[in-house]
Amino acid sequence: MFETFLQLEPELRLAAFGGTIGMILLWEFLATKRSSELTFKRTLTHFLLMIVNSFALRFVMPILAFELALHVEAREMGLLPLIPAPEFVIFFISLVVLDLAIYTQHVMFHKIPFFWRFHRVHHADTGFDVTTGFRFHPGEIVFSMIYKVALVLLLGPSAAAVLVFEILLSSASLFTHANADMPRRLDSLLRLVIVTPDMHRIHHSRQGDEALTNFGFNLSLWDRIFGTYHRDPSLPHADMLIGTENISAQQAASFGTMLILPIHKD
Ligand SMILES: [Zn+2]
Ligand SMILES: [Zn+2]
């Protein structure tokens with residue numbers, strides 16, 4: 001069963017991305033949260049970054065996490081296969097451990113100045129919508145893949161677990177950046193388990209240290225455990241100032257400016 005699933009890897013990724021983006025765009029249209037920042041230049045920059053990122057991964061990385069997991073799984077390498085538990089239990093443990101690793105990576109991207117230079121491109125966006133969910137500098141995407149490759153070698157998750165995790169992560173990135181409203185009670189209920197757009201939007205706030213909270217991508221658990229959870233922004237969501245210091249909306253919308261931002265002297 002898993003074999004057919006693994007063979008459909010590119011189609012599954014594309015279908016999940018296309019399906020999620022379609023649903024979120026509809027949701028944003030029907031229940032817009034903040035006045036829209038949809039300028040053509042900014043949206044084009046986000047799509048150009050996405051295209052450059054997929055090329056960067058293909059040309060810079062000798063192997064990607066999923067392909068490596070196929071080899072690692074065949075040789076039963078890593079720590080996870082050592083757990084004496086049924087396959088489906090190890091599958092779920094893999095997803096949870098990978099999510100914790102990605103939470104940790106996100107904290108590092110903020111705390112280590114070298115990595116912040118790259119992650120700042122994501123935060124420089126003065127808007128917040130589904131397209132922010134794939135606005136990342138190619139450097140961040142490559143470092144993130146190197147990290148995932150190291151995790152696969154260390155942990156030895158199954159290829160199916162890596163594929164499901166990567167699909168969940170990219171869908172979650174689209175969902176958590178939705179510029180869409182959700183009833184407060186539903187938001188609170190979902191937040192008990194997963195990160196919601198209202199929770200992640202606080203991470204994009206320019207107010208105080210709010211950007212140093214809510215680092216989670218999939219599970220909200222890690223922010224609660226490690227004390228980085230922030231429930232409500234100091235300003236209402238509709239008025240929240242989004243972006244980073246010293247970068248104007250005009251600069252943030254420019255593809256060229258964002259590409260050279262990591263080497264830019266402040
Ligand atoms: Zn961040
Ligand atoms: Zn974000």
# chains A, B, ... in the order shown; residues from 1 in each chain; ligands from 1

$ residues_around --residues "range 161-176 of chain A" --least-positions-apart "6" --cutoff "9 Å" --atoms "only C-alpha atoms" --output "PyMOL selection string"
chain A and resi 6+9+12-13+16-17+20-21+24+65-66+69+91-92+94-95+98-99+129-134+152+195-201+217-218

$ write_last_selection --atoms "C-alpha atoms" --output "PDB file, in the first residue's frame"
ATOM      1  CA  LEU A   6       5.431   6.709  -2.272  1.00  0.00           C
ATOM      2  CA  GLU A   9       5.101  11.566  -4.237  1.00  0.00           C
ATOM      3  CA  LEU A  12       0.600  14.130  -3.812  1.00  0.00           C
ATOM      4  CA  ARG A  13       2.694  17.197  -2.993  1.00  0.00           C
ATOM      5  CA  ALA A  16      -2.014  18.978  -1.417  1.00  0.00           C
ATOM      6  CA  PHE A  17      -0.459  22.360  -2.205  1.00  0.00           C
ATOM      7  CA  THR A  20      -4.942  23.811   0.285  1.00  0.00           C
ATOM      8  CA  ILE A  21      -4.145  27.087  -1.451  1.00  0.00           C
ATOM      9  CA  ILE A  24      -7.586  29.121   1.819  1.00  0.00           C
ATOM     10  CA  ALA A  65      15.080  14.372   2.867  1.00  0.00           C
ATOM     11  CA  PHE A  66      12.430  12.140   1.265  1.00  0.00           C
ATOM     12  CA  ALA A  69      14.598   8.409   3.874  1.00  0.00           C
ATOM     13  CA  PHE A  91       4.966   6.512  12.215  1.00  0.00           C
ATOM     14  CA  PHE A  92       3.112   8.878  14.599  1.00  0.00           C
ATOM     15  CA  SER A  94       8.139  10.244  13.781  1.00  0.00           C
ATOM     16  CA  LEU A  95       5.636  12.994  12.912  1.00  0.00           C
ATOM     17  CA  LEU A  98       9.936  15.944  13.383  1.00  0.00           C
ATOM     18  CA  ASP A  99       7.511  18.678  14.419  1.00  0.00           C
ATOM     19  CA  ASP A 129      -1.936  36.107   3.839  1.00  0.00           C
ATOM     20  CA  VAL A 130      -1.708  32.652   2.319  1.00  0.00           C
ATOM     21  CA  THR A 131       1.144  33.748   0.009  1.00  0.00           C
ATOM     22  CA  THR A 132       3.276  34.658   3.080  1.00  0.00           C
ATOM     23  CA  GLY A 133       3.198  30.907   3.722  1.00  0.00           C
ATOM     24  CA  PHE A 134       5.690  30.292   0.923  1.00  0.00           C
ATOM     25  CA  VAL A 152      16.590  11.659   8.685  1.00  0.00           C
ATOM     26  CA  VAL A 195      -1.403  26.305  15.377  1.00  0.00           C
ATOM     27  CA  THR A 196      -4.146  28.574  13.996  1.00  0.00           C
ATOM     28  CA  PRO A 197      -3.787  31.734  11.847  1.00  0.00           C
ATOM     29  CA  ASP A 198      -4.625  33.960  14.867  1.00  0.00           C
ATOM     30  CA  MET A 199      -1.885  32.243  16.856  1.00  0.00           C
ATOM     31  CA  HIS A 200       0.753  32.516  14.135  1.00  0.00           C
ATOM     32  CA  ARG A 201      -0.149  36.105  13.181  1.00  0.00           C
ATOM     33  CA  PHE A 217       4.162  25.200  12.762  1.00  0.00           C
ATOM     34  CA  ASN A 218       1.867  22.213  13.232  1.00  0.00           C
TER      35      ASN A 218
END

$ closest_atom_pairs --of "chain A" --to "ligand 1" --cutoff "7 Å" --atoms "only C-alpha atoms and all ligand atoms" --output "CSV"
residue,atom,partner,partner_atom_place_in_ligand_line,distance
A:His106,CA,ligand 1,1 (Zn),6.1
A:His110,CA,ligand 1,1 (Zn),6.3
A:His119,CA,ligand 1,1 (Zn),6.6
A:His123,CA,ligand 1,1 (Zn),6.5
A:His203,CA,ligand 1,1 (Zn),6.5
A:Ala211,CA,ligand 1,1 (Zn),6.9
A:Phe215,CA,ligand 1,1 (Zn),6.4

$ closest_residue --among "A:Ser54, A:Thr104, A:Ser35, A:Thr126" --to "ligand 2" --atoms "only C-alpha atoms and all ligand atoms"
A:Thr126

$ residues_around --residues "Thr244 in chain A" --least-positions-apart "4" --cutoff "12 Å" --atoms "only C-alpha atoms" --output "NGL selection string"
:A and (116-117 or 119-127 or 203-211 or 248-249 or 251-252)

$ atom_distance --atom1 "CA of Met61 in chain A" --atom2 "CA of Ile146 in chain A"
7.9 Å

$ select_by_dssp --residues "range 99-194 of chain A" --states "helix (DSSP H, G or I)" --output "PyMOL selection string"
chain A and resi 99-111+113-124+130-134+138-155+159-176+184-191

$ residues_around --residues "Val97 in chain A" --least-positions-apart "3" --cutoff "10 Å" --atoms "only C-alpha atoms" --output "ChimeraX atom specification"
/A:80,92-94,100-103,151,155,157

$ write_last_selection --atoms "C-alpha atoms" --output "PDB file, in the first residue's frame"
ATOM      1  CA  LEU A  80      13.333   5.394  15.603  1.00  0.00           C
ATOM      2  CA  PHE A  92       3.112   8.878  14.599  1.00  0.00           C
ATOM      3  CA  ILE A  93       6.115   9.245  16.889  1.00  0.00           C
ATOM      4  CA  SER A  94       8.139  10.244  13.781  1.00  0.00           C
ATOM      5  CA  LEU A 100       9.494  19.308  17.606  1.00  0.00           C
ATOM      6  CA  ALA A 101      12.672  19.494  15.486  1.00  0.00           C
ATOM      7  CA  ILE A 102      11.091  22.081  13.170  1.00  0.00           C
ATOM      8  CA  TYR A 103       9.914  24.140  16.177  1.00  0.00           C
ATOM      9  CA  LEU A 151      17.397  14.490  11.093  1.00  0.00           C
ATOM     10  CA  LEU A 155      16.278   9.387  13.483  1.00  0.00           C
ATOM     11  CA  PRO A 157      11.910   7.884  10.033  1.00  0.00           C
TER      12      PRO A 157
END

$ closest_residue --among "A:Lys265, A:Phe128, A:Arg191, A:Ala159" --to "ligand 2" --atoms "only C-alpha atoms and all ligand atoms"
A:Phe128

$ residues_around --residues "Arg42 in chain A" --least-positions-apart "3" --cutoff "6 Å" --atoms "only C-alpha atoms" --output "mmCIF file with N, CA and C atoms, in the first residue's frame"
data_model
loop_
_atom_site.group_PDB
_atom_site.id
_atom_site.type_symbol
_atom_site.label_atom_id
_atom_site.label_comp_id
_atom_site.auth_asym_id
_atom_site.auth_seq_id
_atom_site.Cartn_x
_atom_site.Cartn_y
_atom_site.Cartn_z
ATOM 1 N N THR A 39 -0.835 43.532 -3.187
ATOM 2 C CA THR A 39 -0.323 44.300 -4.321
ATOM 3 C C THR A 39 0.281 43.291 -5.293
ATOM 4 N N THR A 45 6.556 38.650 -6.068
ATOM 5 C CA THR A 45 7.773 38.330 -5.300
ATOM 6 C C THR A 45 7.621 36.988 -4.591
ATOM 7 N N ALA A 253 8.381 44.231 -0.668
ATOM 8 C CA ALA A 253 7.669 43.704 -1.836
ATOM 9 C C ALA A 253 8.599 43.474 -3.023
#

$ closest_residue --among "A:Ile263, A:Phe88, A:His46, A:Val107" --to "Asn214 in chain A" --atoms "only C-alpha atoms"
A:Val107
